[in-house]
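Enquirer: One file: coords-v6.cif (mmCIF, C-alpha atoms).
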data_input
#
loop_
_atom_site.label_atom_id
_atom_site.label_comp_id
_atom_site.auth_asym_id
_atom_site.auth_seq_id
_atom_site.Cartn_x
_atom_site.Cartn_y
_atom_site.Cartn_z
CA MET A 1312 124.11 175.19 99.87
CA ASP A 1313 121.80 177.91 98.52
CA ASP A 1314 120.96 181.15 100.37
CA ASP A 1315 117.43 180.06 101.20
CA THR A 1316 118.65 176.87 102.82
CA LYS A 1317 121.16 178.86 104.88
CA THR A 1318 118.38 181.20 105.96
CA MET A 1319 116.24 178.21 106.94
CA LEU A 1320 119.12 176.86 109.02
CA ARG A 1321 119.30 180.22 110.78
CA LEU A 1322 115.62 179.84 111.59
CA LYS A 1323 116.34 176.34 112.85
CA ASN A 1324 118.88 177.90 115.22
CA GLY A 1325 116.17 180.15 116.61
CA GLU A 1326 116.77 183.34 114.63
CA ARG A 1327 113.29 184.80 114.23
CA ALA A 1328 114.39 187.36 111.62
CA ALA A 1329 115.21 184.47 109.27
CA PHE A 1330 111.50 183.62 109.16
CA ASP A 1331 110.66 187.14 108.04
CA GLU A 1332 113.29 186.93 105.30
CA LEU A 1333 111.90 183.64 104.00
CA TYR A 1334 108.38 185.02 104.12
CA ASP A 1335 109.44 188.06 102.09
CA ARG A 1336 111.16 185.84 99.52
CA PHE A 1337 108.50 183.17 99.13
CA SER A 1338 105.09 184.41 100.22
CA LYS A 1339 104.17 185.80 96.80
CA LYS A 1340 105.36 182.70 94.97
CA VAL A 1341 103.60 180.30 97.31
CA TYR A 1342 100.42 182.37 97.30
CA ASN A 1343 100.24 182.52 93.51
CA TYR A 1344 101.10 178.85 93.12
CA VAL A 1345 98.35 177.83 95.51
CA LEU A 1346 95.90 180.32 93.99
CA ARG A 1347 96.43 178.77 90.56
CA PHE A 1348 96.17 175.31 92.04
CA VAL A 1349 92.94 175.71 93.99
CA GLY A 1350 91.42 178.60 92.03
CA SER A 1351 90.03 180.34 95.10
CA VAL A 1352 91.40 183.50 96.70
CA ASP A 1353 90.13 182.67 100.20
CA VAL A 1354 91.37 179.09 100.16
CA SER A 1355 94.74 180.10 98.77
CA GLU A 1356 95.18 182.62 101.60
CA ASP A 1357 94.40 179.93 104.16
CA ILE A 1358 96.75 177.42 102.55
CA THR A 1359 99.56 179.97 102.22
CA GLN A 1360 99.15 180.75 105.91
CA GLU A 1361 99.30 177.06 106.72
CA VAL A 1362 102.41 176.59 104.56
CA PHE A 1363 104.34 179.21 106.52
CA VAL A 1364 103.08 178.03 109.88
CA LYS A 1365 104.18 174.49 108.98
CA MET A 1366 107.52 175.81 107.78
CA TYR A 1367 108.06 177.56 111.10
CA MET A 1368 106.99 174.57 113.16
CA ALA A 1369 109.14 172.19 111.09
CA ALA A 1370 112.24 174.38 111.37
CA LYS A 1371 113.45 172.52 114.47
CA THR A 1372 113.69 169.25 112.56
CA TYR A 1373 114.65 170.69 109.16
CA GLU A 1374 117.47 168.89 107.34
CA PRO A 1375 118.75 170.38 104.08
CA THR A 1376 118.45 167.26 101.90
CA ALA A 1377 117.06 169.19 98.91
CA LYS A 1378 116.79 172.81 97.78
CA PHE A 1379 114.78 174.85 100.26
CA SER A 1380 112.30 175.98 97.59
CA THR A 1381 111.65 172.35 96.63
CA TRP A 1382 110.99 171.50 100.28
CA LEU A 1383 108.65 174.48 100.71
CA PHE A 1384 106.72 173.78 97.51
CA THR A 1385 106.35 170.17 98.58
CA ILE A 1386 104.51 171.41 101.68
CA ALA A 1387 102.41 173.76 99.56
CA THR A 1388 101.63 171.02 97.04
CA ASN A 1389 100.60 168.52 99.70
CA LEU A 1390 98.26 171.05 101.31
CA ALA A 1391 96.82 172.05 97.95
CA ILE A 1392 96.26 168.40 96.98
CA ASN A 1393 94.57 167.77 100.35
CA GLU A 1394 92.29 170.72 99.68
CA HIS A 1395 91.61 169.42 96.18
CA HIS A 1396 90.54 166.02 97.57
CA LYS A 1397 88.50 167.69 100.30
CA SER A 1398 86.61 169.85 97.81
CA LYS A 1399 86.03 166.83 95.56
CA ARG A 1400 84.52 164.97 98.52
CA VAL A 1401 82.06 167.75 99.38
CA GLU A 1402 81.15 168.49 95.77
CA PRO A 1403 78.18 166.10 95.45
CA LEU A 1404 76.48 167.91 98.33
CA GLU A 1405 76.49 171.13 96.35
CA ALA A 1406 74.27 170.36 93.40
CA ASP A 1407 74.85 173.66 91.61
CA SER A 1408 78.59 173.34 91.55
CA ALA A 1409 78.93 169.61 91.22
CA HIS A 1410 80.49 169.81 87.78
CA ASP A 1411 81.62 173.40 87.80
CA ASP A 1412 85.36 173.92 88.07
CA SER A 1413 85.22 177.61 87.28
CA PRO A 1414 86.11 180.19 89.92
CA SER A 1415 83.39 181.45 92.28
CA PRO A 1416 81.75 184.88 91.66
CA ASP A 1417 83.98 186.44 94.32
CA ASP A 1418 87.04 184.96 92.68
CA ARG A 1419 85.85 186.04 89.25
CA ALA A 1420 85.62 189.61 90.47
CA ALA A 1421 89.19 189.42 91.68
CA LEU A 1422 90.66 187.92 88.52
CA ASN A 1423 90.85 189.17 84.96
CA ASP A 1424 89.50 187.25 81.98
CA MET A 1425 92.76 185.67 80.90
CA GLU A 1426 93.54 184.49 84.42
CA GLN A 1427 90.06 183.02 84.69
CA SER A 1428 90.40 181.26 81.37
CA ILE A 1429 93.82 179.80 82.19
CA MET A 1430 92.76 178.84 85.69
CA GLY A 1431 89.64 177.17 84.39
CA CYS A 1432 91.69 175.03 81.99
CA ILE A 1433 94.32 174.15 84.56
CA GLN A 1434 91.67 173.31 87.15
CA LYS A 1435 90.35 170.62 84.82
CA LEU A 1436 93.68 168.79 84.65
CA PRO A 1437 94.29 165.69 86.78
CA VAL A 1438 96.04 166.69 90.00
CA ASN A 1439 99.54 165.41 89.12
CA GLN A 1440 99.46 167.03 85.70
CA LYS A 1441 98.23 170.26 87.26
CA THR A 1442 101.04 170.20 89.83
CA ALA A 1443 103.67 169.56 87.18
CA ILE A 1444 102.40 172.26 84.81
CA LEU A 1445 102.19 174.85 87.62
CA LEU A 1446 105.60 174.08 89.07
CA ARG A 1447 107.14 174.20 85.61
CA GLY A 1448 105.12 177.07 84.19
CA TYR A 1449 104.93 179.46 87.11
CA GLU A 1450 107.85 178.48 89.28
CA GLY A 1451 110.22 177.51 86.48
CA MET A 1452 111.23 174.35 88.37
CA ASN A 1453 113.34 171.85 86.49
CA TYR A 1454 112.24 168.24 86.03
CA ALA A 1455 114.45 166.95 88.85
CA ASP A 1456 112.85 169.30 91.39
CA ILE A 1457 109.32 168.59 90.17
CA ALA A 1458 110.12 164.88 90.51
CA ARG A 1459 111.17 165.47 94.14
CA VAL A 1460 108.00 167.42 94.94
CA LEU A 1461 105.76 164.73 93.45
CA ASN A 1462 107.99 161.86 94.55
CA ILE A 1463 108.11 160.37 91.06
CA SER A 1464 110.82 159.85 88.43
CA GLU A 1465 111.99 162.54 86.03
CA LYS A 1466 110.73 160.39 83.20
CA ALA A 1467 107.26 160.44 84.76
CA VAL A 1468 107.47 164.24 85.04
CA LYS A 1469 108.31 164.46 81.34
CA SER A 1470 105.28 162.33 80.53
CA LEU A 1471 102.98 164.29 82.88
CA LEU A 1472 103.96 167.62 81.34
CA SER A 1473 103.53 166.34 77.82
CA ARG A 1474 100.05 164.99 78.57
CA ALA A 1475 99.06 168.16 80.46
CA ARG A 1476 100.11 170.33 77.54
CA GLY A 1477 98.34 168.04 75.14
CA ARG A 1478 95.11 168.56 77.07
CA LEU A 1479 95.58 172.31 77.37
CA MET A 1480 96.13 172.51 73.62
CA GLU A 1481 92.70 171.00 73.03
CA VAL A 1482 91.09 173.93 74.85
CA ASP A 1483 90.56 177.34 73.27
CA ILE A 1484 92.27 179.94 75.36
CA MET B 344 96.24 160.76 53.85
CA SER B 345 99.41 159.65 52.08
CA ILE B 346 101.76 157.06 53.58
CA ARG B 347 104.21 159.85 54.21
CA GLY B 348 101.54 161.80 56.10
CA ILE B 349 100.62 158.75 58.19
CA VAL B 350 104.28 158.09 59.04
CA SER B 351 104.69 161.75 59.94
CA SER B 352 101.68 161.74 62.31
CA ILE B 353 102.90 158.50 63.95
CA ARG B 354 106.32 160.06 64.45
CA LEU B 355 104.66 163.17 65.89
CA HIS B 356 102.58 161.08 68.29
CA PHE B 357 105.70 159.41 69.67
CA SER B 358 107.62 162.68 69.71
CA LYS B 359 105.19 164.73 71.80
CA GLU B 360 107.09 164.04 75.01
CA LEU B 361 110.31 165.01 73.30
CA ILE B 362 108.78 168.21 71.96
CA SER B 363 107.49 169.09 75.43
CA ALA B 364 110.89 168.43 77.01
CA TYR B 365 112.55 170.36 74.17
CA ALA B 366 110.34 173.36 75.00
CA ASP B 367 111.55 173.08 78.60
CA ASN B 368 115.19 172.78 77.52
CA GLU B 369 115.40 169.45 79.35
CA LEU B 370 116.85 167.34 76.52
CA ASP B 371 120.42 166.17 76.24
CA ARG B 372 122.39 167.18 73.16
CA SER B 373 121.71 164.08 71.04
CA SER B 374 117.94 164.14 71.71
CA ARG B 375 117.86 167.83 70.99
CA ASN B 376 119.60 167.31 67.65
CA ARG B 377 117.22 164.49 66.80
CA LEU B 378 114.20 166.66 67.58
CA GLN B 379 115.54 169.60 65.63
CA ARG B 380 115.80 167.31 62.60
CA LEU B 381 112.18 166.25 63.16
CA LEU B 382 111.01 169.85 63.43
CA ASP B 383 112.90 170.76 60.27
CA GLY B 384 111.33 167.88 58.34
CA SER B 385 107.74 167.82 59.69
CA ALA B 386 105.23 170.65 59.36
CA GLY B 387 102.92 168.85 61.80
CA ALA B 388 105.65 168.65 64.45
CA ARG B 389 106.48 172.31 63.93
CA ALA B 390 102.80 173.31 64.29
CA TYR B 391 102.52 171.23 67.46
CA TYR B 392 105.64 172.81 68.93
CA GLU B 393 104.45 176.32 68.09
CA ARG B 394 101.02 175.77 69.63
CA MET B 395 102.60 174.26 72.74
CA SER B 396 104.98 177.21 73.07
CA MET B 397 102.08 179.61 72.72
CA ILE B 398 100.09 177.88 75.47
CA GLN B 399 103.13 177.85 77.74
CA GLY B 400 103.69 181.52 76.96
CA ILE B 401 100.14 182.37 78.02
CA ILE B 402 100.54 180.39 81.24
CA ASN B 403 103.81 182.16 82.00
CA ALA B 404 102.31 185.57 81.21
CA VAL B 405 99.59 185.43 83.86
CA PRO B 406 100.64 188.19 86.26
CA GLU B 407 101.44 187.35 89.84
CA ARG B 408 99.12 188.74 92.47
CA GLN B 409 100.20 190.23 95.77
CA PRO B 410 99.17 188.24 98.84
CA PRO B 411 96.89 190.22 101.19
CA GLY B 412 98.67 192.76 103.37
CA ASP B 413 97.53 191.23 106.64
CA LEU B 414 98.63 187.70 105.73
CA LYS B 415 101.94 188.01 107.59
CA GLN B 416 100.15 189.23 110.69
CA ARG B 417 97.75 186.29 110.48
CA ILE B 418 100.65 183.89 110.12
CA ASP B 419 102.46 185.42 113.10
CA SER B 420 99.43 185.10 115.34
CA ALA B 421 98.78 181.54 114.11
CA ILE B 422 102.39 180.64 115.00
CA LEU B 423 102.04 182.22 118.44
CA ASN B 424 98.86 180.26 118.95
CA MET B 425 100.43 176.99 117.78
CA ARG B 426 103.49 177.52 119.96
CA GLY B 427 101.25 178.13 122.95
CA GLN B 428 99.30 174.94 122.29
CA ALA B 429 102.47 172.97 121.71
CA ARG B 430 103.94 174.20 124.99
CA TYR B 431 100.79 173.38 126.97
CA SER B 432 100.78 169.88 125.56
CA GLU B 433 104.36 169.32 126.73
CA PRO B 434 105.08 167.84 130.16
CA ALA B 435 106.02 170.31 132.92
CA HIS B 436 109.71 169.42 132.91
CA VAL B 437 109.90 170.20 129.16
CA ARG B 438 107.96 173.45 129.49
CA HIS B 439 110.09 174.53 132.48
CA PRO B 440 113.49 172.84 132.22
CA MET B 441 114.77 174.75 135.32
CA VAL B 442 112.23 172.98 137.52
CA TRP B 443 114.71 170.12 138.08
CA VAL B 444 117.45 172.52 139.11
CA TYR B 445 115.16 174.22 141.62
CA ALA B 446 113.89 170.89 142.94
CA GLY B 447 117.45 169.51 143.30
CA THR B 448 118.68 172.63 145.08
CA PHE B 449 115.73 172.59 147.44
CA ALA B 450 116.27 168.90 148.23
CA ALA B 451 119.99 169.44 148.90
CA VAL B 452 119.33 172.39 151.22
CA LEU B 453 116.62 170.44 153.05
CA LEU B 454 118.92 167.46 153.52
CA ALA B 455 121.70 169.70 154.82
CA VAL B 456 119.39 171.41 157.31
CA VAL B 457 117.98 168.08 158.56
CA THR B 458 121.49 166.66 158.96
CA VAL B 459 122.76 169.67 160.91
CA ILE B 460 119.72 169.69 163.18
CA GLY B 461 120.02 165.93 163.72
CA ILE B 462 123.69 166.11 164.69
CA HIS B 463 123.03 169.03 166.99
CA ARG B 464 120.18 167.21 168.74
CA LEU B 465 122.22 164.05 169.08
CA LYS B 466 125.00 165.97 170.77
CA THR B 467 122.77 167.80 173.21
CA ARG B 468 120.41 164.91 174.11
CA PRO B 469 120.71 164.10 177.87
CA GLY B 470 121.97 160.57 178.71
CA VAL B 471 123.47 159.94 175.29
CA PRO B 472 127.27 159.97 175.43
CA GLU B 473 129.34 161.40 172.72
CA SER B 474 131.03 158.92 170.50
CA SER B 475 134.48 159.65 172.05
CA MET B 476 133.12 158.79 175.46
CA LEU B 477 131.77 155.44 174.25
CA ALA B 478 135.13 154.73 172.68
CA SER B 479 136.82 155.26 176.04
CA ILE B 480 134.47 152.78 177.69
CA ASP B 481 135.23 150.22 175.00
CA MET B 482 138.90 150.73 175.63
CA TYR B 483 138.51 150.17 179.35
CA GLN B 484 136.45 147.04 178.72
CA ASN B 485 139.10 145.65 176.44
CA MET B 486 141.82 146.30 178.97
CA GLY B 487 139.82 144.51 181.72
CA LEU B 488 139.87 147.54 183.90
CA TYR B 489 136.35 147.19 185.18
CA GLU B 490 137.45 148.02 188.66
CA HIS B 491 138.38 151.54 187.57
CA MET B 492 135.16 152.23 185.82
CA ASP B 493 133.52 153.71 188.85
CA MET B 494 136.11 156.42 188.59
CA ILE B 495 134.57 157.61 185.38
CA GLU B 496 132.10 160.32 185.96
CA HIS B 497 128.57 159.74 184.73
CA LEU B 498 129.28 156.10 183.98
CA ASP B 499 126.09 155.03 185.68
CA GLU B 500 124.15 157.16 183.24
CA VAL B 501 126.03 155.64 180.35
CA MET B 502 125.40 152.09 181.53
CA ALA B 503 121.74 152.76 182.05
CA VAL B 504 121.42 153.64 178.41
CA ASP B 505 123.81 151.55 176.38
CA GLN B 506 125.20 148.51 178.13
CA PRO B 507 123.51 145.09 178.02
CA GLU B 508 121.83 143.83 181.17
CA GLY B 509 124.13 142.31 183.75
CA THR B 510 127.45 142.72 182.01
CA LEU B 511 128.90 145.51 184.07
CA LYS B 512 126.29 146.01 186.76
CA GLY B 513 128.50 144.49 189.37
CA ALA B 514 131.26 146.86 188.65
CA VAL B 515 129.15 149.92 189.09
CA ARG B 516 129.15 151.28 192.61
#
Could I get this structure in the form of structure tokens?
Expert:
Amino acid sequence: MDDDTKTMLRLKNGERAAFDELYDRFSKKVYNYVLRFVGSVDVSEDITQEVFVKMYMAAKTYEPTAKFSTWLFTIATNLAINEHHKSKRVEPLEADSAHDDSPSPDDRAALNDMEQSIMGCIQKLPVNQKTAILLRGYEGMNYADIARVLNISEKAVKSLLSRARGRLMEVDI
Amino acid sequence: MSIRGIVSSIRLHFSKELISAYADNELDRSSRNRLQRLLDGSAGARAYYERMSMIQGIINAVPERQPPGDLKQRIDSAILNMRGQARYSEPAHVRHPMVWVYAGTFAAVLLAVVTVIGIHRLKTRPGVPESSMLASIDMYQNMGLYEHMDMIEHLDEVMAVDQPEGTLKGAVR
């Protein structure tokens, strides 16, 4: 059992300090993962907050069936995908941004050119490919863990990553 | 394009997944050896691998950003809020598990007090004989000693309360 899982079990047993430890270890990773997923600073802050609130509330029923980080990133991924679907639903109402996947002006001010360029390309990927490329690229997750997060086979992960990279290679970065 | 070139591009097309997995170090030994042979023998495969590695390198190089300083505070207050809501939505006995202990104790004390008061009133009520006195009367009845009953003090009071009409009236004074 890894250290993070042990810490989560301490939280399950009511030790509040364990929550602070997990926050210190994972807040930056979760925040950056979500930021790259949704491409918006404000939304990524909200989702990161929700991830940790959910983690806290789910501690009572937590069972260490997988690595803690895989479990946590599954929560983050589900919330990010929900947000992705939500924003796709409201898009037609906003005529100016209906086909614009680039970051907002506020976000642009907060990010440098390379980040913007990478984010823009990744934002255009289908959601499963995006998830796979982010979990692999930024989090360094192996195929087995990505498969758990996405609830697909390792073979499917291999295919998703290959297709995602193929698409990214078509874009000038 | 020569036949050799066509064969090479077909091989590359079917090897893209392998090249992607190779870049992630997710191939077993035999697949890795097979791919290394392909890379050694195909300029197109080598170019594809190099471009893919470059893209992955750029993705990995995007610096991580710090989450906002007040995020933890926001999470803590959101948790407090959620816990409050969760507790209010629980039934009273879940919110206050000691309520059953208090209620049980109160009921036991009440029962004890009522019992003590009841016994005390029964003993002191005028005209109601104590149970030992009634037992003595029964004994006399069983022995057929009606003629001695008038010797018992207060028997008339006893008979007025508890004995059936006409059974012993004749024996009383």
Enquirer: Assuming the chain letters and numbering stay as they are in my file, what does the PyMOL selection byres ((chain A) within 7 of (chain B)) actually select? List them as a PyMOL selection string.
Expert: chain A and resi 1339+1342-1343+1360+1363-1364+1426+1429+1448-1449+1469-1470+1473+1476+1480
Enquirer: For the PyMOL selection byres ((chain A and resi 1377-1385) around 6), applied here, can you spell out every residue it catches as a VMD selection string?
Expert: chain A and resid 1315 to 1316 1375 to 1376 1386 to 1388 1460
Enquirer: So how far away is CA of Gly1431 in chain A from CA of Arg1347 in chain A, in Å?
Expert: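 CA of Gly1431 in chain A lies at a distance of 9.3 Å from CA of Arg1347 in chain A.
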Enquirer: Can you work out which one of A:Ala1443, A:Ser1338, A:Leu1436, A:Lys1365 has the shortest atom-to-atom distance to Gly412 in chain B, counting all atoms listed in the file?
Expert: A:Ser1338
Enquirer: Pick from A:Ala1458, A:Ala1369, A:Met1430, A:Thr1359: nearest to Val1341 in chain A, with all atoms listed in the file counted?
Expert: A:Thr1359
Enquirer: Quote the spacing between CA of His463 in chain B and CA of Ala446 in chain B in Å to one decimal place.
Expert: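 So the answer is 25.8 Å.
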